[in-house]
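**Q** Below is the file input_9.cif, with mmCIF, C-alpha atoms.
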```
data_structure
#
loop_
_atom_site.label_atom_id
_atom_site.label_comp_id
_atom_site.auth_asym_id
_atom_site.auth_seq_id
_atom_site.Cartn_x
_atom_site.Cartn_y
_atom_site.Cartn_z
CA ASP A 1 16.66 -12.41 1.15
CA THR A 2 13.61 -12.79 -0.99
CA GLY A 3 11.45 -9.99 0.29
CA VAL A 4 9.66 -8.50 3.26
CA SER A 5 8.64 -11.13 5.77
CA GLN A 6 5.84 -10.78 8.31
CA ASP A 7 4.94 -13.02 11.19
CA PRO A 8 2.43 -14.34 12.03
CA ARG A 9 0.31 -14.45 8.88
CA HIS A 10 -2.87 -14.79 10.89
CA LYS A 11 -3.74 -13.96 14.48
CA ILE A 12 -7.03 -14.46 16.30
CA THR A 13 -7.24 -12.88 19.72
CA LYS A 14 -9.83 -12.09 22.31
CA ARG A 15 -10.81 -8.51 22.94
CA GLY A 16 -8.60 -6.93 25.58
CA GLN A 17 -5.55 -9.07 24.86
CA ASN A 18 -2.23 -7.69 23.64
CA VAL A 19 -0.74 -8.79 20.32
CA THR A 20 2.64 -8.24 18.70
CA PHE A 21 3.54 -8.57 15.04
CA ARG A 22 6.98 -8.79 13.52
CA CYS A 23 8.31 -7.49 10.22
CA ASP A 24 11.65 -8.32 8.64
CA PRO A 25 12.35 -5.87 5.80
CA ILE A 26 14.61 -6.40 2.84
CA SER A 27 18.05 -6.33 4.42
CA GLU A 28 19.54 -3.32 2.65
CA HIS A 29 16.39 -1.19 3.07
CA ASN A 30 16.70 1.41 5.82
CA ARG A 31 13.13 2.69 5.43
CA LEU A 32 10.28 0.74 6.97
CA TYR A 33 6.54 1.45 7.00
CA TRP A 34 3.49 -0.01 8.69
CA TYR A 35 0.06 0.23 7.07
CA ARG A 36 -3.36 -1.09 8.03
CA GLN A 37 -5.92 -2.30 5.51
CA THR A 38 -9.56 -3.17 6.08
CA LEU A 39 -11.84 -4.97 3.64
CA GLY A 40 -12.62 -2.96 0.54
CA GLN A 41 -10.23 -0.16 1.45
CA GLY A 42 -6.72 0.75 0.42
CA PRO A 43 -3.84 0.56 2.90
CA GLU A 44 -3.73 3.37 5.47
CA PHE A 45 -0.41 4.65 6.76
CA LEU A 46 0.40 4.03 10.42
CA THR A 47 4.07 4.77 11.01
CA TYR A 48 7.49 5.17 9.41
CA PHE A 49 11.02 4.30 10.49
CA GLN A 50 14.29 5.42 9.02
CA ASN A 51 16.87 3.07 10.46
CA GLU A 52 15.93 2.83 14.15
CA ALA A 53 14.28 6.26 14.35
CA GLN A 54 10.49 6.46 14.25
CA LEU A 55 10.07 9.64 12.22
CA GLU A 56 6.34 9.74 11.71
CA LYS A 57 3.16 8.40 13.30
CA SER A 58 -0.33 8.71 11.88
CA ARG A 59 -3.15 9.89 14.10
CA LEU A 60 -4.61 6.43 13.41
CA LEU A 61 -1.92 5.12 15.72
CA SER A 62 -3.67 5.50 19.07
CA ASP A 63 -1.83 5.21 22.37
CA ARG A 64 -2.69 1.50 22.40
CA PHE A 65 -0.35 1.01 19.46
CA SER A 66 3.42 1.06 19.68
CA ALA A 67 6.07 0.24 17.12
CA GLU A 68 9.78 -0.30 17.45
CA ARG A 69 12.70 -0.98 15.21
CA PRO A 70 15.66 -1.78 17.42
CA LYS A 71 19.02 -1.56 15.70
CA GLY A 72 17.33 -0.56 12.48
CA SER A 73 16.64 -4.10 11.38
CA PHE A 74 13.34 -5.89 12.08
CA SER A 75 10.33 -4.03 13.46
CA THR A 76 7.53 -4.94 15.83
CA LEU A 77 4.04 -3.52 16.07
CA GLU A 78 2.23 -4.07 19.37
CA ILE A 79 -1.44 -3.46 20.01
CA GLN A 80 -2.50 -3.37 23.65
CA ARG A 81 -6.03 -4.03 24.90
CA THR A 82 -7.25 -5.01 21.45
CA GLU A 83 -10.71 -3.93 20.30
CA GLN A 84 -12.89 -5.41 17.59
CA GLY A 85 -12.21 -2.33 15.49
CA ASP A 86 -8.55 -3.34 15.36
CA SER A 87 -9.45 -6.29 13.14
CA ALA A 88 -7.62 -5.66 9.87
CA MET A 89 -4.66 -6.67 7.74
CA TYR A 90 -1.45 -5.12 9.05
CA LEU A 91 1.05 -4.58 6.27
CA CYS A 92 4.74 -3.85 6.54
CA ALA A 93 6.72 -2.35 3.67
CA SER A 94 10.31 -1.30 3.12
CA SER A 95 12.13 0.82 0.59
CA LEU A 96 15.66 1.78 -0.25
CA GLU A 97 15.08 5.45 -0.92
CA MET A 98 12.39 8.09 -0.56
CA ASN A 99 9.79 8.41 -3.29
CA THR A 100 10.49 5.05 -4.83
CA GLU A 101 8.67 1.77 -4.90
CA ALA A 102 7.70 0.16 -1.62
CA PHE A 103 8.04 -3.58 -1.16
CA PHE A 104 5.20 -4.98 0.91
CA GLY A 105 5.08 -8.11 3.00
CA GLN A 106 2.18 -10.53 2.88
CA GLY A 107 0.62 -8.95 5.91
CA THR A 108 -0.68 -10.17 9.25
CA ARG A 109 -4.44 -10.71 9.35
CA LEU A 110 -5.72 -9.82 12.83
CA THR A 111 -9.15 -10.92 13.99
CA VAL A 112 -10.34 -9.68 17.37
CA VAL A 113 -13.26 -11.71 18.76
CA SER B 1 -8.38 17.25 2.37
CA GLN B 2 -6.57 15.14 -0.19
CA LYS B 3 -8.66 12.53 -1.94
CA ILE B 4 -7.67 9.78 -4.28
CA GLU B 5 -10.50 8.01 -6.04
CA GLN B 6 -10.65 4.89 -8.15
CA ASN B 7 -13.55 3.23 -9.98
CA SER B 8 -15.52 1.72 -7.16
CA GLU B 9 -17.20 -0.85 -9.34
CA ALA B 10 -15.43 -3.96 -10.49
CA LEU B 11 -14.27 -4.06 -14.07
CA ASN B 12 -15.10 -7.22 -16.02
CA ILE B 13 -13.50 -7.68 -19.42
CA GLN B 14 -12.88 -10.45 -21.89
CA GLU B 15 -9.46 -11.98 -22.35
CA GLY B 16 -7.45 -10.22 -25.03
CA LYS B 17 -9.12 -6.84 -24.57
CA THR B 18 -7.52 -3.75 -23.05
CA ALA B 19 -8.44 -2.94 -19.45
CA THR B 20 -8.42 0.73 -18.48
CA LEU B 21 -8.52 1.75 -14.83
CA THR B 22 -8.93 5.32 -13.62
CA CYS B 23 -7.39 7.17 -10.68
CA ASN B 24 -8.50 10.71 -9.86
CA TYR B 25 -7.04 12.93 -7.18
CA THR B 26 -8.16 16.22 -5.68
CA ASN B 27 -6.84 19.05 -3.53
CA TYR B 28 -3.26 18.16 -4.27
CA SER B 29 -0.68 18.04 -7.04
CA PRO B 30 1.50 15.02 -6.33
CA ALA B 31 5.00 14.76 -7.68
CA TYR B 32 4.31 11.18 -8.73
CA LEU B 33 1.75 8.40 -8.71
CA GLN B 34 2.30 4.72 -8.12
CA TRP B 35 0.26 1.71 -9.19
CA TYR B 36 0.20 -1.56 -7.27
CA ARG B 37 -1.44 -4.93 -7.82
CA GLN B 38 -2.99 -6.78 -4.90
CA ASP B 39 -4.22 -10.36 -4.91
CA PRO B 40 -6.67 -11.57 -2.23
CA GLY B 41 -5.01 -12.10 1.14
CA ARG B 42 -1.65 -10.81 -0.05
CA GLY B 43 0.30 -7.57 0.17
CA PRO B 44 0.39 -5.05 -2.68
CA VAL B 45 3.03 -5.52 -5.38
CA PHE B 46 4.55 -2.45 -7.05
CA LEU B 47 3.94 -2.12 -10.78
CA LEU B 48 4.79 1.36 -12.05
CA LEU B 49 5.69 4.85 -10.86
CA ILE B 50 5.03 7.88 -13.05
CA ARG B 51 6.33 11.35 -12.24
CA GLU B 52 4.51 14.63 -12.89
CA ASN B 53 6.83 15.55 -15.76
CA GLU B 54 6.14 12.21 -17.50
CA LYS B 55 3.05 11.92 -19.64
CA GLU B 56 3.24 8.19 -20.13
CA LYS B 57 5.16 5.17 -18.92
CA ARG B 58 5.20 1.61 -20.20
CA LYS B 59 6.27 -1.76 -18.88
CA GLU B 60 5.55 -4.80 -21.01
CA ARG B 61 1.73 -4.92 -21.39
CA LEU B 62 1.20 -2.11 -18.88
CA LYS B 63 0.86 1.58 -19.66
CA VAL B 64 0.26 4.45 -17.26
CA THR B 65 -0.59 8.05 -18.12
CA PHE B 66 -0.51 11.08 -15.86
CA ASP B 67 -2.58 14.15 -16.74
CA THR B 68 -1.85 16.91 -14.24
CA THR B 69 -4.49 19.17 -15.79
CA LEU B 70 -7.27 16.64 -15.37
CA LYS B 71 -5.71 15.40 -12.11
CA GLN B 72 -6.03 11.88 -13.39
CA SER B 73 -3.97 8.79 -14.10
CA LEU B 74 -5.07 6.00 -16.40
CA PHE B 75 -3.71 2.48 -16.09
CA HIS B 76 -3.97 0.22 -19.12
CA ILE B 77 -3.38 -3.51 -19.46
CA THR B 78 -3.26 -4.56 -23.08
CA ALA B 79 -3.97 -8.10 -24.30
CA SER B 80 -5.41 -8.88 -20.88
CA GLN B 81 -5.20 -12.40 -19.47
CA PRO B 82 -7.16 -14.16 -16.70
CA ALA B 83 -3.94 -14.00 -14.63
CA ASP B 84 -4.31 -10.21 -14.63
CA SER B 85 -7.42 -10.55 -12.45
CA ALA B 86 -6.66 -8.72 -9.20
CA THR B 87 -7.26 -5.43 -7.40
CA TYR B 88 -5.23 -2.51 -8.67
CA LEU B 89 -4.33 0.30 -6.29
CA CYS B 90 -3.32 3.84 -7.10
CA ALA B 91 -1.22 5.81 -4.60
CA HIS B 92 0.41 9.20 -4.21
CA PRO B 93 2.60 10.78 -1.53
CA ASN B 94 0.73 12.48 1.27
CA SER B 95 1.41 16.22 1.12
CA ASN B 96 1.35 16.50 4.93
CA SER B 97 3.85 13.73 5.36
CA GLY B 98 7.28 13.24 3.95
CA TYR B 99 6.89 9.50 4.00
CA ALA B 100 3.33 8.23 3.80
CA LEU B 101 1.53 7.08 0.69
CA ASN B 102 -2.20 7.74 0.27
CA PHE B 103 -3.89 4.83 -1.44
CA GLY B 104 -7.17 4.68 -3.29
CA LYS B 105 -9.63 1.92 -2.47
CA GLY B 106 -8.57 -0.01 -5.52
CA THR B 107 -10.41 -1.31 -8.57
CA SER B 108 -11.13 -5.00 -8.89
CA LEU B 109 -10.41 -6.37 -12.37
CA LEU B 110 -11.80 -9.68 -13.59
CA VAL B 111 -10.60 -11.02 -16.93
CA THR B 112 -12.70 -13.87 -18.25
CA PRO B 113 -11.55 -16.40 -20.87
#
```
Write the structure described by the file as structure tokens, please.

**A**
Amino acid sequence: DTGVSQDPRHKITKRGQNVTFRCDPISEHNRLYWYRQTLGQGPEFLTYFQNEAQLEKSRLLSDRFSAERPKGSFSTLEIQRTEQGDSAMYLCASSLEMNTEAFFGQGTRLTVV
Amino acid sequence: SQKIEQNSEALNIQEGKTATLTCNYTNYSPAYLQWYRQDPGRGPVFLLLIRENEKEKRKERLKVTFDTTLKQSLFHITASQPADSATYLCAHPNSNSGYALNFGKGTSLLVTP
């Protein structure tokens, strides 16, 4: 296992369509995070999982967004009825413990047209 | 509300010089700060973590300081190389969340030969 893996790397979708992204964390990491990053900004926190439990959701995560982490392994982030404002880089990160370094994936670049 | 601010302007320096990047935070006293490097189109890569009881931390050509009185962290790259050109992000834990990191917008560093 060489790191956090995200799929796809790029996604172009039409407004109103649903999209789903996948994240495979480092295998021994039980903590998983989703962030969103737009051009010229730092990553913004979306949600956090500890094992399979979703322990925190940012208010940025509207009801069109849902995330899961079945069995505490990989995670998916789904966006329903996409809007142009959803265009961003979606980053997944994992860590072994609290308050330590986070390992980020390469991100999924979403473009909503 | 908590704010974390980094030099908004890009920093251009000559190879071999020391680059110094600044991170200021307000309305909060974080237990630690983290620094990440981000290359275009890629996820952030962890560099250093410095805790509030540590004044300085070093890793190879990197040095980070943490001044809790000034509410500031400085990130230094000595003997800079063109390969150091990237965006550098500062982050601290969100006081309202047990899990989220707040990131600054990042400072773009360009090292020219």

**Q** With all atoms listed in the file as the basis for distance, which of A:His29, A:Arg64, A:Lys14, A:Arg36 is at the shortest distance from Thr108 in chain A?

**A**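 Among A:His29, A:Arg64, A:Lys14, A:Arg36, it is A:Arg36 that comes nearest to Thr108 in chain A.
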
**Q** Determine, counting all atoms listed in the file, every residue of protein, DNA or RNA that lies within 7 Å of (12.0, 2.9, 14.0) in the file coordinates, then give the result as a PDB file with C-alpha atoms, in the coordinates of the input.

**A**
```pdb
ATOM      1  CA  TYR A  48       7.490   5.170   9.410  1.00  0.00           C
ATOM      2  CA  PHE A  49      11.020   4.300  10.490  1.00  0.00           C
ATOM      3  CA  GLN A  50      14.290   5.420   9.020  1.00  0.00           C
ATOM      4  CA  ASN A  51      16.870   3.070  10.460  1.00  0.00           C
ATOM      5  CA  GLU A  52      15.930   2.830  14.150  1.00  0.00           C
ATOM      6  CA  ALA A  53      14.280   6.260  14.350  1.00  0.00           C
ATOM      7  CA  GLN A  54      10.490   6.460  14.250  1.00  0.00           C
ATOM      8  CA  GLU A  68       9.780  -0.300  17.450  1.00  0.00           C
ATOM      9  CA  ARG A  69      12.700  -0.980  15.210  1.00  0.00           C
ATOM     10  CA  PRO A  70      15.660  -1.780  17.420  1.00  0.00           C
ATOM     11  CA  GLY A  72      17.330  -0.560  12.480  1.00  0.00           C
TER      12      GLY A  72
END
```

**Q** Could you jot down the CA of Thr68 in chain B to CA of Trp34 in chain A separation for me, Å, one decimal place?

**A**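 Rounded to one decimal, the two atoms are 29.0 Å apart.
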
**Q** Please write as a PyMOL selection string the full residue list that the PyMOL selection byres ((chain A) within 12 of (chain B)) yields on this file.

**A** chain A and resi 3-6+9-10+31-50+54-59+88-95+97-110

**Q** By how many Å are CA of Phe74 in chain A and CA of Leu96 in chain A apart?

**A**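 CA of Leu96 in chain A lies 14.7 Å from CA of Phe74 in chain A.
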
**Q** Check what the PyMOL selection byres ((chain B and resi 63) around 10) selects in the file above and give those residues as a ChimeraX atom specification.

**A** /B:20,48,56-62,64-65,74-78

**Q** What does the PyMOL selection byres ((chain B and resi 23) around 6) select in this file, as JSON, numbers by chain?

**A** {"B": [5, 6, 22, 24, 72, 73]}

**Q** Find the distance between CA of Ser95 in chain B and CA of Leu77 in chain A and write it in Å to one decimal.

**A**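 Atom-to-atom, CA of Ser95 in chain B and CA of Leu77 in chain A are spaced 24.9 Å apart.
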
**Q** Assuming 3 Å of padding per side, give the centre and edge lengths of the axis-aligned box around every listed atom of range 82-92 of chain B, in Å to one decimal and as lines of an AutoDock Vina configuration file.

**A**
```
center_x = -3.5
center_y = -2.5
center_z = -10.5
size_x = 13.8
size_y = 29.4
size_z = 18.5
```

**Q** Pick from A:Thr13, A:Asn30, A:Thr2, A:Ser75: nearest to Ser87 in chain A, with all atoms listed in the file counted?

**A**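 Checking each candidate against Ser87 in chain A, we get A:Thr13 as the closest.
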
**Q** Let me make sure I understand: among B:Thr69, B:Asn27, B:Thr112, B:Thr18, which one has the smallest atom-to-atom distance to Ser1 in chain B if we use only C-alpha atoms?

**A**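 Counting only C-alpha atoms, the residue closest to Ser1 in chain B is B:Asn27.
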
**Q** Taking (4.7, 15.9, -17.3) as a centre in this file's frame and 9 Å as the limit, can you find every polymer residue with an atom that close, using all atoms listed in the file, and give them as a list in words?

**A**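 Every residue inside that radius is included here: Arg51, Glu52, Asn53, Glu54, Lys55, Glu56, Phe66, Asp67 and Thr68 of chain B.
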
**Q** Compile the contact shell of Gly16 in chain B as a list in words: residues with an atom at most 7 Å away, counting only C-alpha atoms, same-chain residues fewer than 2 positions apart removed.

**A**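 Surrounding residues, per the criterion: Gln14, Thr18, Ala79, Ser80 and Gln81 of chain B.
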
**Q** If we count all atoms listed in the file, what is near Glu78 in chain A at a cut-off of 9 Å, once residues fewer than 3 positions away on the same chain are taken out, given as a PDB file with C-alpha atoms, keeping the file's coordinate frame?

**A**
```
ATOM      1  CA  ASN A  18      -2.230  -7.690  23.640  1.00  0.00           C
ATOM      2  CA  VAL A  19      -0.740  -8.790  20.320  1.00  0.00           C
ATOM      3  CA  THR A  20       2.640  -8.240  18.700  1.00  0.00           C
ATOM      4  CA  PHE A  21       3.540  -8.570  15.040  1.00  0.00           C
ATOM      5  CA  ARG A  22       6.980  -8.790  13.520  1.00  0.00           C
ATOM      6  CA  ARG A  64      -2.690   1.500  22.400  1.00  0.00           C
ATOM      7  CA  PHE A  65      -0.350   1.010  19.460  1.00  0.00           C
ATOM      8  CA  SER A  66       3.420   1.060  19.680  1.00  0.00           C
ATOM      9  CA  ALA A  67       6.070   0.240  17.120  1.00  0.00           C
ATOM     10  CA  GLU A  68       9.780  -0.300  17.450  1.00  0.00           C
TER      11      GLU A  68
END
```

**Q** Can you write range 58-98 of chain B from the block above with N, CA and C atoms, as an mmCIF file, in the first residue's frame?

**A**
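In the end it all went to result35.cif:
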```cif
data_model
loop_
_atom_site.group_PDB
_atom_site.id
_atom_site.type_symbol
_atom_site.label_atom_id
_atom_site.label_comp_id
_atom_site.auth_asym_id
_atom_site.auth_seq_id
_atom_site.Cartn_x
_atom_site.Cartn_y
_atom_site.Cartn_z
ATOM 1 N N ARG B 58 13.090 21.224 13.227
ATOM 2 C CA ARG B 58 13.871 21.158 11.989
ATOM 3 C C ARG B 58 13.741 19.780 11.344
ATOM 4 N N LYS B 59 13.836 19.814 10.010
ATOM 5 C CA LYS B 59 13.870 18.563 9.253
ATOM 6 C C LYS B 59 14.660 18.853 7.983
ATOM 7 N N GLU B 60 15.868 18.346 7.956
ATOM 8 C CA GLU B 60 16.758 18.575 6.806
ATOM 9 C C GLU B 60 16.876 20.081 6.550
ATOM 10 N N ARG B 61 16.487 20.579 5.383
ATOM 11 C CA ARG B 61 16.639 22.010 5.091
ATOM 12 C C ARG B 61 15.437 22.835 5.562
ATOM 13 N N LEU B 62 14.505 22.218 6.231
ATOM 14 C CA LEU B 62 13.298 22.908 6.680
ATOM 15 C C LEU B 62 13.395 23.265 8.160
ATOM 16 N N LYS B 63 12.863 24.435 8.491
ATOM 17 C CA LYS B 63 12.787 24.839 9.894
ATOM 18 C C LYS B 63 11.466 25.551 10.112
ATOM 19 N N VAL B 64 10.776 25.196 11.193
ATOM 20 C CA VAL B 64 9.521 25.855 11.541
ATOM 21 C C VAL B 64 9.641 26.427 12.944
ATOM 22 N N THR B 65 9.126 27.629 13.136
ATOM 23 C CA THR B 65 9.044 28.222 14.466
ATOM 24 C C THR B 65 7.587 28.478 14.808
ATOM 25 N N PHE B 66 7.317 28.552 16.107
ATOM 26 C CA PHE B 66 5.946 28.729 16.587
ATOM 27 C C PHE B 66 6.010 29.740 17.734
ATOM 28 N N ASP B 67 5.484 30.924 17.496
ATOM 29 C CA ASP B 67 5.490 31.979 18.514
ATOM 30 C C ASP B 67 4.054 32.194 18.974
ATOM 31 N N THR B 68 3.741 31.669 20.155
ATOM 32 C CA THR B 68 2.354 31.739 20.637
ATOM 33 C C THR B 68 1.989 33.150 21.107
ATOM 34 N N THR B 69 2.988 33.968 21.372
ATOM 35 C CA THR B 69 2.711 35.360 21.767
ATOM 36 C C THR B 69 2.311 36.177 20.549
ATOM 37 N N LEU B 70 3.074 36.029 19.493
ATOM 38 C CA LEU B 70 2.763 36.725 18.246
ATOM 39 C C LEU B 70 1.659 36.039 17.446
ATOM 40 N N LYS B 71 1.305 34.821 17.839
ATOM 41 C CA LYS B 71 0.327 34.012 17.107
ATOM 42 C C LYS B 71 0.800 33.835 15.656
ATOM 43 N N GLN B 72 2.025 33.344 15.545
ATOM 44 C CA GLN B 72 2.636 33.269 14.228
ATOM 45 C C GLN B 72 3.565 32.064 14.145
ATOM 46 N N SER B 73 3.602 31.478 12.949
ATOM 47 C CA SER B 73 4.575 30.442 12.650
ATOM 48 C C SER B 73 5.353 30.875 11.416
ATOM 49 N N LEU B 74 6.652 30.660 11.451
ATOM 50 C CA LEU B 74 7.491 30.935 10.295
ATOM 51 C C LEU B 74 8.032 29.608 9.772
ATOM 52 N N PHE B 75 8.055 29.499 8.453
ATOM 53 C CA PHE B 75 8.533 28.285 7.786
ATOM 54 C C PHE B 75 9.706 28.691 6.906
ATOM 55 N N HIS B 76 10.852 28.088 7.159
ATOM 56 C CA HIS B 76 12.066 28.444 6.436
ATOM 57 C C HIS B 76 12.552 27.265 5.610
ATOM 58 N N ILE B 77 12.981 27.557 4.389
ATOM 59 C CA ILE B 77 13.678 26.566 3.561
ATOM 60 C C ILE B 77 15.054 27.151 3.279
ATOM 61 N N THR B 78 16.075 26.511 3.804
ATOM 62 C CA THR B 78 17.432 27.004 3.563
ATOM 63 C C THR B 78 17.999 26.375 2.297
ATOM 64 N N ALA B 79 18.972 27.063 1.711
ATOM 65 C CA ALA B 79 19.622 26.578 0.483
ATOM 66 C C ALA B 79 18.575 26.129 -0.530
ATOM 67 N N SER B 80 17.638 27.026 -0.819
ATOM 68 C CA SER B 80 16.482 26.657 -1.647
ATOM 69 C C SER B 80 16.901 26.196 -3.044
ATOM 70 N N GLN B 81 16.090 25.319 -3.599
ATOM 71 C CA GLN B 81 16.339 24.739 -4.920
ATOM 72 C C GLN B 81 15.090 24.925 -5.781
ATOM 73 N N PRO B 82 15.253 24.950 -7.104
ATOM 74 C CA PRO B 82 14.058 25.063 -7.967
ATOM 75 C C PRO B 82 13.012 23.999 -7.659
ATOM 76 N N ALA B 83 13.449 22.805 -7.217
ATOM 77 C CA ALA B 83 12.501 21.738 -6.881
ATOM 78 C C ALA B 83 11.649 22.066 -5.661
ATOM 79 N N ASP B 84 12.022 23.096 -4.922
ATOM 80 C CA ASP B 84 11.218 23.528 -3.776
ATOM 81 C C ASP B 84 10.030 24.378 -4.203
ATOM 82 N N SER B 85 9.971 24.748 -5.473
ATOM 83 C CA SER B 85 8.865 25.570 -5.971
ATOM 84 C C SER B 85 7.555 24.816 -5.831
ATOM 85 N N ALA B 86 6.618 25.394 -5.116
ATOM 86 C CA ALA B 86 5.334 24.754 -4.819
ATOM 87 C C ALA B 86 4.517 25.743 -4.006
ATOM 88 N N THR B 87 3.305 25.331 -3.631
ATOM 89 C CA THR B 87 2.494 26.089 -2.677
ATOM 90 C C THR B 87 2.630 25.437 -1.309
ATOM 91 N N TYR B 88 2.830 26.252 -0.302
ATOM 92 C CA TYR B 88 3.007 25.754 1.058
ATOM 93 C C TYR B 88 1.805 26.191 1.903
ATOM 94 N N LEU B 89 1.201 25.211 2.543
ATOM 95 C CA LEU B 89 -0.015 25.424 3.319
ATOM 96 C C LEU B 89 0.264 25.278 4.810
ATOM 97 N N CYS B 90 -0.324 26.170 5.563
ATOM 98 C CA CYS B 90 -0.265 26.114 7.019
ATOM 99 C C CYS B 90 -1.646 25.659 7.510
ATOM 100 N N ALA B 91 -1.683 24.861 8.575
ATOM 101 C CA ALA B 91 -2.968 24.368 9.072
ATOM 102 C C ALA B 91 -2.937 24.239 10.580
ATOM 103 N N HIS B 92 -4.099 24.420 11.202
ATOM 104 C CA HIS B 92 -4.216 24.127 12.629
ATOM 105 C C HIS B 92 -5.550 23.463 12.897
ATOM 106 N N PRO B 93 -5.665 22.766 14.037
ATOM 107 C CA PRO B 93 -6.936 22.107 14.338
ATOM 108 C C PRO B 93 -8.024 23.127 14.579
ATOM 109 N N ASN B 94 -9.215 22.807 14.109
ATOM 110 C CA ASN B 94 -10.369 23.677 14.315
ATOM 111 C C ASN B 94 -10.851 23.531 15.757
ATOM 112 N N SER B 95 -11.005 24.641 16.458
ATOM 113 C CA SER B 95 -11.357 24.566 17.879
ATOM 114 C C SER B 95 -12.777 24.059 18.097
ATOM 115 N N ASN B 96 -13.629 24.180 17.075
ATOM 116 C CA ASN B 96 -15.016 23.729 17.197
ATOM 117 C C ASN B 96 -15.172 22.271 16.818
ATOM 118 N N SER B 97 -14.130 21.703 16.327
ATOM 119 C CA SER B 97 -14.181 20.333 15.827
ATOM 120 C C SER B 97 -13.056 19.548 16.461
ATOM 121 N N GLY B 98 -13.307 18.307 16.750
ATOM 122 C CA GLY B 98 -12.236 17.483 17.270
ATOM 123 C C GLY B 98 -11.343 16.932 16.184
#
```
